[in-house]
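Data file: my_file_5.txt. Format and content: compact mmCIF, C-alpha atoms.
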# COMPACT_ATOMS: atom_id res chain seq x y z
CA MET A 1 -19.06 91.11 -90.53
CA LYS A 2 -16.19 88.96 -91.61
CA THR A 3 -15.57 88.49 -95.28
CA LEU A 4 -15.18 85.03 -96.69
CA ALA A 5 -11.48 85.68 -97.25
CA GLU A 6 -10.99 86.45 -93.55
CA ILE A 7 -12.74 83.22 -92.58
CA TRP A 8 -10.50 81.23 -94.92
CA ASN A 9 -7.51 83.03 -93.48
CA ASN A 10 -8.47 81.93 -89.98
CA LEU A 11 -8.10 78.31 -91.08
CA ALA A 12 -4.35 78.93 -91.13
CA ASN A 13 -4.28 79.60 -87.39
CA PRO A 14 -3.40 76.35 -85.59
CA LYS A 15 -5.14 77.50 -82.41
CA LEU A 16 -8.54 77.55 -84.09
CA ILE A 17 -8.23 74.12 -85.68
CA PRO A 18 -9.14 71.95 -82.64
CA ARG A 19 -12.21 74.15 -82.09
CA LEU A 20 -13.26 73.83 -85.72
CA PHE A 21 -12.68 70.08 -85.57
CA SER A 22 -14.71 69.58 -82.40
CA LEU A 23 -17.51 71.73 -83.82
CA THR A 24 -17.63 69.60 -86.98
CA LEU A 25 -17.62 66.44 -84.88
CA ALA A 26 -20.40 67.80 -82.66
CA ILE A 27 -22.58 68.54 -85.71
CA ILE A 28 -22.05 65.02 -87.05
CA LEU A 29 -22.85 63.50 -83.65
CA LEU A 30 -26.04 65.59 -83.46
CA ILE A 31 -27.07 64.28 -86.88
CA GLY A 32 -26.47 60.82 -85.44
CA LEU A 33 -29.38 61.30 -83.05
CA PHE A 34 -31.74 61.08 -86.01
CA ILE A 35 -30.22 57.94 -87.53
CA PRO A 36 -32.24 54.78 -86.91
CA MET A 37 -30.02 52.41 -84.97
CA ASN A 38 -30.73 48.82 -84.13
CA LEU A 39 -28.39 46.00 -83.23
CA ASN A 40 -27.97 43.25 -85.80
CA ASP A 41 -28.92 39.96 -84.14
CA ASN A 42 -26.33 38.01 -86.06
CA GLN A 43 -23.34 39.18 -83.98
CA LEU A 44 -19.91 37.61 -84.21
CA TYR A 45 -18.87 38.61 -80.70
CA VAL A 46 -21.94 37.52 -78.78
CA ARG A 47 -22.95 38.76 -75.38
CA PRO A 48 -25.52 37.17 -73.06
CA GLU A 49 -28.76 39.06 -72.46
CA ILE A 50 -28.29 42.07 -70.22
CA GLN A 51 -28.52 41.13 -66.51
CA GLU A 52 -29.27 37.51 -67.43
CA GLN A 53 -26.17 36.04 -65.77
CA ILE A 54 -26.37 38.47 -62.87
CA ASN A 55 -29.92 37.42 -62.09
CA GLU A 56 -28.76 33.81 -62.11
CA ASN A 57 -26.27 34.74 -59.34
CA ASN A 58 -23.45 33.56 -61.59
CA SER A 59 -20.23 34.76 -60.02
CA LEU A 60 -18.53 35.04 -63.43
CA ALA A 61 -21.26 37.42 -64.68
CA PRO A 62 -21.17 38.99 -67.23
CA TYR A 63 -18.25 37.02 -68.69
CA ASP A 64 -19.38 33.42 -68.27
CA ARG A 65 -18.91 31.58 -71.57
CA GLY A 66 -19.27 28.07 -70.16
CA GLY A 67 -17.04 25.09 -70.92
CA ILE A 68 -14.45 23.05 -69.04
CA PRO A 69 -10.75 23.66 -69.80
CA LEU A 70 -9.41 21.21 -72.44
CA ILE A 71 -12.51 18.99 -72.15
CA GLU A 72 -15.54 20.96 -73.26
CA ASP A 73 -15.30 23.95 -75.60
CA ALA A 74 -16.58 27.28 -74.34
CA TYR A 75 -19.09 29.28 -76.37
CA VAL A 76 -16.86 31.56 -78.45
CA LYS A 77 -17.39 32.22 -82.16
CA ALA A 78 -14.73 33.05 -84.74
CA GLN A 79 -15.01 34.77 -88.10
CA TYR A 80 -12.71 32.24 -89.73
CA PRO A 81 -12.86 29.02 -87.66
CA ASN A 82 -10.10 27.46 -89.79
CA ASN A 83 -7.62 30.03 -88.49
CA SER A 84 -8.29 29.29 -84.84
CA GLN A 85 -9.02 25.61 -84.47
CA ASN A 86 -8.33 25.39 -80.74
CA LEU A 87 -10.82 28.12 -79.94
CA GLY A 88 -12.73 27.73 -76.68
CA LYS A 89 -10.43 25.15 -75.15
CA ILE A 90 -9.02 27.32 -72.36
CA THR A 91 -11.53 30.17 -72.08
CA SER A 92 -12.94 28.78 -68.84
CA TYR A 93 -9.55 28.31 -67.16
CA LEU A 94 -9.25 30.11 -63.82
CA THR A 95 -6.10 30.52 -61.77
CA PRO A 96 -6.18 29.18 -58.18
CA LEU A 97 -6.43 32.73 -56.88
CA ALA A 98 -9.34 33.47 -59.22
CA LEU A 99 -11.09 30.27 -58.09
CA LEU A 100 -10.73 31.42 -54.48
CA VAL A 101 -12.34 34.76 -55.23
CA LYS A 102 -15.02 33.16 -57.39
CA ASP A 103 -16.05 30.70 -54.68
CA ASN A 104 -16.30 33.36 -52.00
CA THR A 105 -18.17 36.17 -53.74
CA ILE A 106 -20.69 36.52 -56.56
CA TYR A 107 -19.01 39.68 -57.86
CA PHE A 108 -15.94 38.05 -59.39
CA GLY A 109 -16.80 38.99 -63.00
CA THR A 110 -17.06 42.68 -62.24
CA SER A 111 -13.99 42.87 -59.99
CA ILE A 112 -10.45 43.67 -61.11
CA CYS A 113 -9.52 39.99 -60.58
CA ALA A 114 -11.50 39.05 -63.68
CA SER A 115 -8.98 40.74 -65.92
CA PRO A 116 -6.60 39.68 -67.36
CA GLY A 117 -5.48 36.51 -65.56
CA GLY A 118 -8.80 35.61 -64.05
CA ILE A 119 -10.90 35.00 -67.12
CA LEU A 120 -8.89 34.25 -70.24
CA ASP A 121 -10.72 36.00 -73.02
CA GLU A 122 -9.85 34.06 -76.11
CA ILE A 123 -11.38 36.73 -78.33
CA LEU A 124 -8.85 39.16 -76.92
CA TYR A 125 -5.84 36.86 -76.90
CA TYR A 126 -6.55 34.37 -79.67
CA THR A 127 -8.89 35.32 -82.48
CA ARG A 128 -8.20 39.07 -82.24
CA GLY A 129 -4.72 38.80 -80.75
CA PHE A 130 -3.17 41.16 -83.30
CA ASP A 131 -5.43 43.97 -82.06
CA THR A 132 -4.20 43.42 -78.53
CA ILE A 133 -0.59 43.64 -79.71
CA LEU A 134 -1.35 46.93 -81.47
CA GLU A 135 -3.21 48.36 -78.48
CA SER A 136 -0.27 47.70 -76.19
CA SER A 137 2.18 49.11 -78.73
CA ILE A 138 0.17 52.34 -78.85
CA LEU A 139 0.52 52.52 -75.08
CA MET A 140 4.23 51.66 -75.27
CA MET A 141 4.92 54.38 -77.85
CA ALA A 142 3.09 56.92 -75.70
CA PHE A 143 5.30 55.94 -72.76
CA VAL A 144 8.45 56.07 -74.92
CA ILE A 145 7.65 59.62 -76.02
CA ALA A 146 6.62 60.77 -72.55
CA SER A 147 9.67 59.29 -70.83
CA TRP A 148 12.08 60.64 -73.47
CA LEU A 149 10.62 64.11 -73.05
CA GLY A 150 10.68 63.78 -69.28
CA LEU A 151 14.32 62.67 -69.21
CA ASN A 152 15.69 65.12 -71.75
CA PHE A 153 13.50 68.17 -71.51
CA THR A 154 12.31 68.30 -67.94
CA MET A 155 15.23 66.83 -66.03
CA ARG A 156 18.25 67.84 -68.13
CA ARG A 157 17.15 71.18 -69.37
CA GLU A 158 19.96 73.42 -70.55
CA ASP A 159 18.24 76.25 -72.35
CA MET B 1 -18.49 46.55 -103.35
CA ASP B 2 -16.54 43.62 -104.61
CA ILE B 3 -12.93 44.03 -103.51
CA ALA B 4 -11.63 42.74 -106.83
CA ALA B 5 -13.56 45.44 -108.71
CA LEU B 6 -12.01 48.27 -106.72
CA SER B 7 -8.47 47.25 -105.84
CA GLY B 8 -7.73 44.35 -108.13
CA GLU B 9 -7.58 40.62 -107.75
CA ILE B 10 -6.67 39.29 -104.32
CA PHE B 11 -3.21 37.70 -104.41
CA GLY B 12 -3.39 36.00 -101.06
CA PHE B 13 -4.20 36.13 -97.36
CA ILE B 14 -2.18 36.40 -94.18
CA PRO B 15 -4.37 34.74 -91.57
CA LEU B 16 -4.00 36.04 -88.01
CA GLY B 17 -7.05 34.53 -86.35
CA ASP B 18 -10.07 36.68 -87.10
CA ILE B 19 -7.86 39.38 -88.54
CA MET B 20 -7.32 38.31 -92.10
CA LEU B 21 -4.82 40.50 -93.94
CA TYR B 22 -5.38 40.40 -97.67
CA ILE B 23 -3.04 41.48 -100.43
CA THR B 24 -4.25 43.13 -103.62
CA PRO B 25 -2.12 44.92 -106.26
CA PHE B 26 -3.32 48.24 -104.78
CA SER B 27 -2.40 47.45 -101.19
CA LEU B 28 0.80 45.63 -102.15
CA PHE B 29 2.04 48.70 -104.02
CA MET B 30 1.41 51.00 -101.06
CA PHE B 31 2.77 48.43 -98.59
CA ALA B 32 6.01 48.08 -100.55
CA GLY B 33 6.24 51.84 -101.05
CA ALA B 34 5.90 52.52 -97.32
CA LEU B 35 8.49 49.83 -96.51
CA ILE B 36 11.01 51.15 -99.04
CA PHE B 37 10.59 54.68 -97.73
CA THR B 38 11.01 53.43 -94.16
CA PHE B 39 14.25 51.71 -95.17
CA LEU B 40 15.49 54.88 -96.85
CA ILE B 41 14.90 57.04 -93.80
CA ALA B 42 16.38 54.36 -91.54
CA ILE B 43 19.76 54.70 -93.31
CA SER B 44 19.73 58.45 -93.93
CA LYS B 45 21.08 61.35 -91.91
CA THR B 46 19.15 64.49 -91.05
CA GLU B 47 19.41 67.69 -92.98
CA THR B 48 20.88 70.85 -91.50
CA GLN B 49 18.75 73.89 -92.02
CA VAL B 50 20.78 76.91 -93.16
CA GLU B 51 19.33 80.34 -92.60
CA ALA B 52 20.94 83.50 -93.96
CA GLU B 53 21.56 85.97 -91.17
CA PHE B 54 20.20 89.44 -91.60
CA GLY B 55 22.76 92.25 -91.86
CA SER B 56 25.84 90.07 -92.18
CA LEU B 57 27.30 87.46 -94.49
CA GLU B 58 27.19 84.70 -91.88
CA ASP B 59 24.91 81.66 -92.03
CA ASN B 60 22.89 80.33 -89.15
CA ARG B 61 22.92 76.53 -89.08
CA ILE B 62 20.28 74.60 -87.18
CA SER B 63 21.36 71.00 -86.71
CA ILE B 64 20.13 68.17 -84.53
CA ASP B 65 22.16 66.54 -81.79
CA LEU B 66 22.68 62.79 -81.68
CA LYS B 67 20.15 62.00 -78.96
CA GLU B 68 17.33 63.80 -80.71
CA PHE B 69 18.36 62.16 -83.98
CA LYS B 70 18.15 58.68 -82.45
CA ILE B 71 14.71 59.01 -80.89
CA ARG B 72 13.34 60.60 -84.04
CA ARG B 73 14.74 57.88 -86.24
CA PHE B 74 13.26 55.23 -83.95
CA LEU B 75 9.83 56.83 -83.95
CA ALA B 76 9.94 57.43 -87.71
CA ILE B 77 10.77 53.77 -88.38
CA ILE B 78 7.90 52.59 -86.18
CA CYS B 79 5.63 55.09 -87.94
CA GLY B 80 6.68 53.69 -91.32
CA LEU B 81 6.02 50.13 -90.17
CA ALA B 82 2.61 51.12 -88.81
CA THR B 83 1.78 52.81 -92.10
CA SER B 84 2.73 49.73 -94.10
CA GLY B 85 0.71 47.57 -91.71
CA ALA B 86 -2.36 49.75 -92.23
CA MET B 87 -1.99 49.26 -95.97
CA ILE B 88 -2.57 45.51 -95.96
CA THR B 89 -4.83 45.05 -92.96
CA GLY B 90 -8.15 43.36 -93.66
CA ASP B 91 -9.98 44.32 -90.50
CA LEU B 92 -11.72 47.58 -89.77
CA PHE B 93 -10.87 47.82 -86.07
CA ASN B 94 -7.29 46.84 -86.81
CA PHE B 95 -7.10 49.69 -89.30
CA THR B 96 -8.35 52.26 -86.77
CA LEU B 97 -5.75 51.02 -84.28
CA PHE B 98 -3.00 51.51 -86.85
CA VAL B 99 -4.27 55.03 -87.53
CA THR B 100 -4.22 55.87 -83.82
CA LEU B 101 -0.68 54.50 -83.51
CA ILE B 102 0.43 56.71 -86.41
CA GLY B 103 -1.21 59.73 -84.76
CA ILE B 104 0.70 59.18 -81.50
CA LEU B 105 3.99 58.71 -83.38
CA ASN B 106 3.44 61.88 -85.43
CA ILE B 107 3.25 63.89 -82.23
CA GLY B 108 6.32 62.07 -80.90
CA ILE B 109 8.47 62.85 -83.94
CA VAL B 110 8.00 66.60 -83.58
CA SER B 111 7.81 66.69 -79.79
CA ALA B 112 11.60 66.77 -79.43
CA VAL B 113 12.21 70.00 -81.34
CA LYS B 114 13.14 73.20 -79.57
CA ILE B 115 11.13 75.65 -81.68
CA ILE B 116 8.22 77.07 -79.74
CA ASP B 117 5.92 77.63 -82.73
CA VAL B 118 6.31 74.02 -83.82
CA LEU B 119 5.65 72.74 -80.30
CA ASP B 120 2.54 74.90 -80.07
CA SER B 121 1.07 73.49 -83.25
CA ALA B 122 2.12 69.95 -82.24
CA PHE B 123 0.11 70.50 -79.07
CA GLN B 124 -2.91 71.59 -81.10
CA TYR B 125 -2.47 68.54 -83.36
CA GLY B 126 -2.26 66.36 -80.25
CA LEU B 127 -5.62 67.71 -79.10
CA ILE B 128 -7.17 66.80 -82.46
CA ALA B 129 -5.52 63.37 -82.41
CA MET B 130 -6.96 62.71 -78.97
CA ILE B 131 -10.43 63.87 -79.94
CA SER B 132 -10.43 61.87 -83.16
CA SER B 133 -9.79 58.54 -81.45
CA MET B 134 -13.40 58.81 -80.24
CA PRO B 135 -15.10 58.96 -83.69
CA LEU B 136 -12.64 56.37 -85.05
CA PHE B 137 -13.41 53.70 -82.47
CA SER B 138 -17.10 54.50 -82.10
CA GLY B 139 -17.49 54.40 -85.88
CA ALA B 140 -15.92 50.92 -85.97
CA ALA B 141 -18.16 49.88 -83.06
CA LEU B 142 -21.28 51.15 -84.84
CA ILE B 143 -20.39 49.21 -87.97
CA LEU B 144 -19.82 46.10 -85.84
CA GLY B 145 -23.21 46.62 -84.20
CA ALA B 146 -24.98 47.13 -87.52
CA THR B 147 -23.42 44.23 -89.41
CA GLY B 148 -22.10 41.86 -86.75
CA THR B 149 -18.64 41.61 -88.26
CA LEU B 150 -15.47 43.68 -88.63
CA SER B 151 -13.71 41.80 -91.41
CA ILE B 152 -13.58 43.91 -94.57
CA LEU B 153 -13.87 40.75 -96.69
CA ASN B 154 -17.25 40.06 -95.07
CA LEU B 155 -18.36 43.69 -94.90
CA ALA B 156 -17.93 43.86 -98.69
CA GLN B 157 -20.79 41.40 -99.10
CA ILE B 158 -23.22 43.03 -96.67
CA GLN B 159 -25.89 45.50 -97.76
CA PRO B 160 -25.14 48.77 -95.91
CA ASN B 161 -27.86 50.47 -93.86
CA PRO B 162 -28.05 54.02 -92.40
CA MET B 163 -26.18 52.91 -89.28
CA VAL B 164 -23.26 51.74 -91.42
CA TYR B 165 -23.27 55.07 -93.29
CA PHE B 166 -23.18 56.97 -90.02
CA GLY B 167 -20.40 54.76 -88.66
CA SER B 168 -18.43 55.41 -91.84
CA ALA B 169 -19.01 59.15 -91.50
CA LEU B 170 -17.60 59.00 -87.98
CA ILE B 171 -14.55 57.04 -89.17
CA LEU B 172 -14.06 59.57 -91.96
CA ILE B 173 -14.12 62.60 -89.64
CA GLY B 174 -11.73 60.80 -87.29
CA LEU B 175 -9.37 60.14 -90.19
CA LEU B 176 -9.58 63.74 -91.39
CA GLY B 177 -8.53 64.93 -87.97
CA GLU B 178 -5.88 62.29 -87.42
CA SER B 179 -4.22 62.71 -90.80
CA GLY B 180 -4.73 66.48 -90.96
CA VAL B 181 -6.49 66.79 -94.30
CA ALA B 182 -7.85 69.96 -95.86
CA PRO B 183 -9.74 72.16 -93.38
CA PHE B 184 -7.70 70.84 -90.46
CA TYR B 185 -4.38 71.17 -92.23
CA ALA B 186 -2.91 74.18 -90.42
CA THR B 187 -1.61 72.31 -87.36
CA LYS B 188 0.25 69.73 -89.40
CA ALA B 189 1.61 72.28 -91.86
CA GLU B 190 3.21 74.18 -89.00
CA MET B 191 4.71 70.95 -87.67
CA PHE B 192 6.77 70.52 -90.84
CA ARG B 193 8.72 73.74 -90.17
CA THR B 194 11.32 71.95 -88.13
CA PRO B 195 14.81 70.73 -88.99
CA GLY B 196 15.35 67.02 -89.44
CA SER B 197 13.88 66.48 -92.83
CA PRO B 198 13.69 62.79 -93.71
CA PHE B 199 11.96 61.97 -90.45
CA ILE B 200 9.47 64.77 -90.82
CA LEU B 201 8.53 63.45 -94.25
CA ILE B 202 7.17 60.21 -92.80
CA ILE B 203 4.43 62.29 -91.13
CA HIS B 204 3.42 63.53 -94.55
CA LEU B 205 3.70 60.16 -96.27
CA SER B 206 1.78 58.29 -93.57
CA SER B 207 -1.21 60.63 -93.71
CA LEU B 208 -1.19 60.50 -97.50
CA LEU B 209 -1.20 56.69 -97.63
CA ILE B 210 -3.67 56.37 -94.76
CA ILE B 211 -6.25 58.60 -96.41
CA THR B 212 -5.89 56.70 -99.70
CA ARG B 213 -6.38 53.38 -98.00
CA ALA B 214 -9.26 54.72 -95.89
CA ILE B 215 -11.12 55.85 -98.99
CA GLU B 216 -10.71 52.35 -100.42
CA ILE B 217 -12.04 50.72 -97.24
CA LEU B 218 -14.98 53.12 -96.92
CA LEU B 219 -15.92 52.56 -100.57
CA ILE B 220 -15.82 48.79 -100.09
CA ILE B 221 -18.05 49.00 -97.02
CA ASN B 222 -20.55 51.60 -98.23
CA THR B 223 -21.28 50.48 -101.77
CA PHE B 224 -23.03 47.27 -102.63
Would you mind writing the file's structure down as structure tokens?
Amino acid sequence: MKTLAEIWNNLANPKLIPRLFSLTLAIILLIGLFIPMNLNDNQLYVRPEIQEQINENNSLAPYDRGGIPLIEDAYVKAQYPNNSQNLGKITSYLTPLALLVKDNTIYFGTSICASPGGILDEILYYTRGFDTILESSILMMAFVIASWLGLNFTMRRED
Amino acid sequence: MDIAALSGEIFGFIPLGDIMLYITPFSLFMFAGALIFTFLIAISKTETQVEAEFGSLEDNRISIDLKEFKIRRFLAIICGLATSGAMITGDLFNFTLFVTLIGILNIGIVSAVKIIDVLDSAFQYGLIAMISSMPLFSGAALILGATGTLSILNLAQIQPNPMVYFGSALILIGLLGESGVAPFYATKAEMFRTPGSPFILIIHLSSLLIITRAIEILLIINTF
């Protein structure tokens, strides 16, 4: 039987910390099973009904937001419409290559061609553009660290 | 809770599409503090640790070579900028992204040292940082699902429900892991035992400021 002091002492061992952390997280996630969860209908970033576009044989499914580039606005909502007044103008733009794929198969939306040049997601690049910048900088910093370590520790190792 | 009641009157907004940064006296103070500290470490040199040798009168000096100094300074500056960004952000998902960026940079700053104990604990911290990105992002996603918005200005006016409380609990546990607060402190405490002082301090400062700001955000969201 461990005394309380011994248990506290174990908290100073770095090896045990990830285990303690994942245990705490697991307990919280288990509690989450008993929390009533239902989606608020008033969503800012709307999605079509599940399988709706697929059943319509829409080749852009599930990303079809309608609209014609520069003529008719696509269906995209913004939290602060004043900050993004040109929203929806180019969401429906497809590159020639994307058009080719779209015309020949009905699986365009779920293929790799849909992202990122195929369907321009204006939520990703316009209203929430700052998030996209941060996401790619996280990736860039991870590569900076990994490549520095690779160059200096793995390849030019002296000691 | 009303933002003005907790962190003071809003001075102004920095609109970036849906991500509306807002400036209050509270956030402005921490933003300026993080920037000033970043400037100070950008112009400073590293310390040299001096250890007394046992059984002789010699000293053992542990200093850092130029290459290691440069990468650490770079990562520390980015970490300081990320910290100051997290101080004034007005969007929940944006905040969690800043926290994740700081977590990655904290590992990077200590990853270049050649002391095995420090590297071991940095590895353990890296494990926690990886695990905690899950509760951070899923917590933000749950709050988005429950309220339909991510902007803190709007979340302040929405009555929280159990789903919001659970999302906040997930964000809180993610932050505790990422910033290494109380029961998970051992890994980060071991990481500080490395030469190169001013750059190591940004690890400490960033987690301190992040947890302060996180408490503010969670209070705004969870009280009505």
Gap from CA of Ile109 (chain B) to CA of Tyr185 (chain B) - Å, one decimal: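 Pair CA of Ile109 (chain B) / CA of Tyr185 (chain B) returns 17.4 Å.
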So that each row is one residue of chain A with an atom at most 6 Å from chain B, can you give its shortest atom pair and the distance in Å to one decimal, using all atoms listed in the file, rows by chain and rising number, as CSV?
residue,atom,partner,partner_atom,distance
A:Ala12,CA,B:Ala186,CA,5.0
A:Pro14,CA,B:Thr187,CA,4.8
A:Ile17,CA,B:Phe184,CA,5.8
A:Pro18,CA,B:Ile128,CA,5.5
A:Met37,CA,B:Met163,CA,5.8
A:Leu39,CA,B:Gly145,CA,5.3
A:Asn40,CA,B:Ala146,CA,5.2
A:Asn42,CA,B:Gly148,CA,5.8
A:Gln43,CA,B:Gly148,CA,4.0
A:Leu44,CA,B:Gly148,CA,5.4
A:Gln79,CA,B:Asp18,CA,5.4
A:Tyr80,CA,B:Asp18,CA,5.8
A:Asn83,CA,B:Gly17,CA,5.0
A:Ser84,CA,B:Gly17,CA,5.6
A:Thr127,CA,B:Gly17,CA,4.4
A:Arg128,CA,B:Asp18,CA,5.7
A:Asp131,CA,B:Asn94,CA,5.9
A:Ile138,CA,B:Leu101,CA,5.2
A:Ile145,CA,B:Gly108,CA,5.6
Selected residue of minimal separation from Asp73 (chain A) among A:Glu122, A:Ile106, A:Tyr45, A:Ser59, counting only C-alpha atoms: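 Closest to Asp73 (chain A) of all the choices is A:Glu122.
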Determine the nearest neighbour of Val118 (chain B) from the options B:Leu57, B:Leu155, B:Arg193, B:Phe69, counting only C-alpha atoms.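 Smallest separation from Val118 (chain B) among the options: B:Arg193.
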Just add N, CA and C atoms to region 179-192 of chain B and send it as an mmCIF file, in the coordinates of the input.
data_model
loop_
_atom_site.group_PDB
_atom_site.id
_atom_site.type_symbol
_atom_site.label_atom_id
_atom_site.label_comp_id
_atom_site.auth_asym_id
_atom_site.auth_seq_id
_atom_site.Cartn_x
_atom_site.Cartn_y
_atom_site.Cartn_z
ATOM 1 N N SER B 179 -5.231 62.540 -89.764
ATOM 2 C CA SER B 179 -4.220 62.710 -90.800
ATOM 3 C C SER B 179 -4.112 64.156 -91.251
ATOM 4 N N GLY B 180 -4.891 65.067 -90.669
ATOM 5 C CA GLY B 180 -4.730 66.480 -90.960
ATOM 6 C C GLY B 180 -5.001 66.843 -92.406
ATOM 7 N N VAL B 181 -6.146 66.476 -92.924
ATOM 8 C CA VAL B 181 -6.490 66.790 -94.300
ATOM 9 C C VAL B 181 -7.221 68.140 -94.329
ATOM 10 N N ALA B 182 -7.490 68.597 -95.506
ATOM 11 C CA ALA B 182 -7.850 69.960 -95.860
ATOM 12 C C ALA B 182 -8.270 70.941 -94.767
ATOM 13 N N PRO B 183 -9.505 71.002 -94.252
ATOM 14 C CA PRO B 183 -9.740 72.160 -93.380
ATOM 15 C C PRO B 183 -8.958 72.112 -92.076
ATOM 16 N N PHE B 184 -8.451 70.954 -91.720
ATOM 17 C CA PHE B 184 -7.700 70.840 -90.460
ATOM 18 C C PHE B 184 -6.200 70.762 -90.714
ATOM 19 N N TYR B 185 -5.755 71.383 -91.807
ATOM 20 C CA TYR B 185 -4.380 71.170 -92.230
ATOM 21 C C TYR B 185 -3.386 72.035 -91.474
ATOM 22 N N ALA B 186 -3.840 73.184 -90.936
ATOM 23 C CA ALA B 186 -2.910 74.180 -90.420
ATOM 24 C C ALA B 186 -1.958 73.635 -89.361
ATOM 25 N N THR B 187 -2.478 72.794 -88.440
ATOM 26 C CA THR B 187 -1.610 72.310 -87.360
ATOM 27 C C THR B 187 -0.477 71.472 -87.921
ATOM 28 N N LYS B 188 -0.797 70.593 -88.875
ATOM 29 C CA LYS B 188 0.250 69.730 -89.400
ATOM 30 C C LYS B 188 1.223 70.497 -90.275
ATOM 31 N N ALA B 189 0.720 71.492 -91.007
ATOM 32 C CA ALA B 189 1.610 72.280 -91.860
ATOM 33 C C ALA B 189 2.652 72.998 -91.029
ATOM 34 N N GLU B 190 2.247 73.506 -89.857
ATOM 35 C CA GLU B 190 3.210 74.180 -89.000
ATOM 36 C C GLU B 190 4.235 73.209 -88.426
ATOM 37 N N MET B 191 3.792 71.947 -88.247
ATOM 38 C CA MET B 191 4.710 70.950 -87.670
ATOM 39 C C MET B 191 5.876 70.651 -88.588
ATOM 40 N N PHE B 192 5.682 70.858 -89.908
ATOM 41 C CA PHE B 192 6.770 70.520 -90.840
ATOM 42 C C PHE B 192 7.902 71.538 -90.801
#
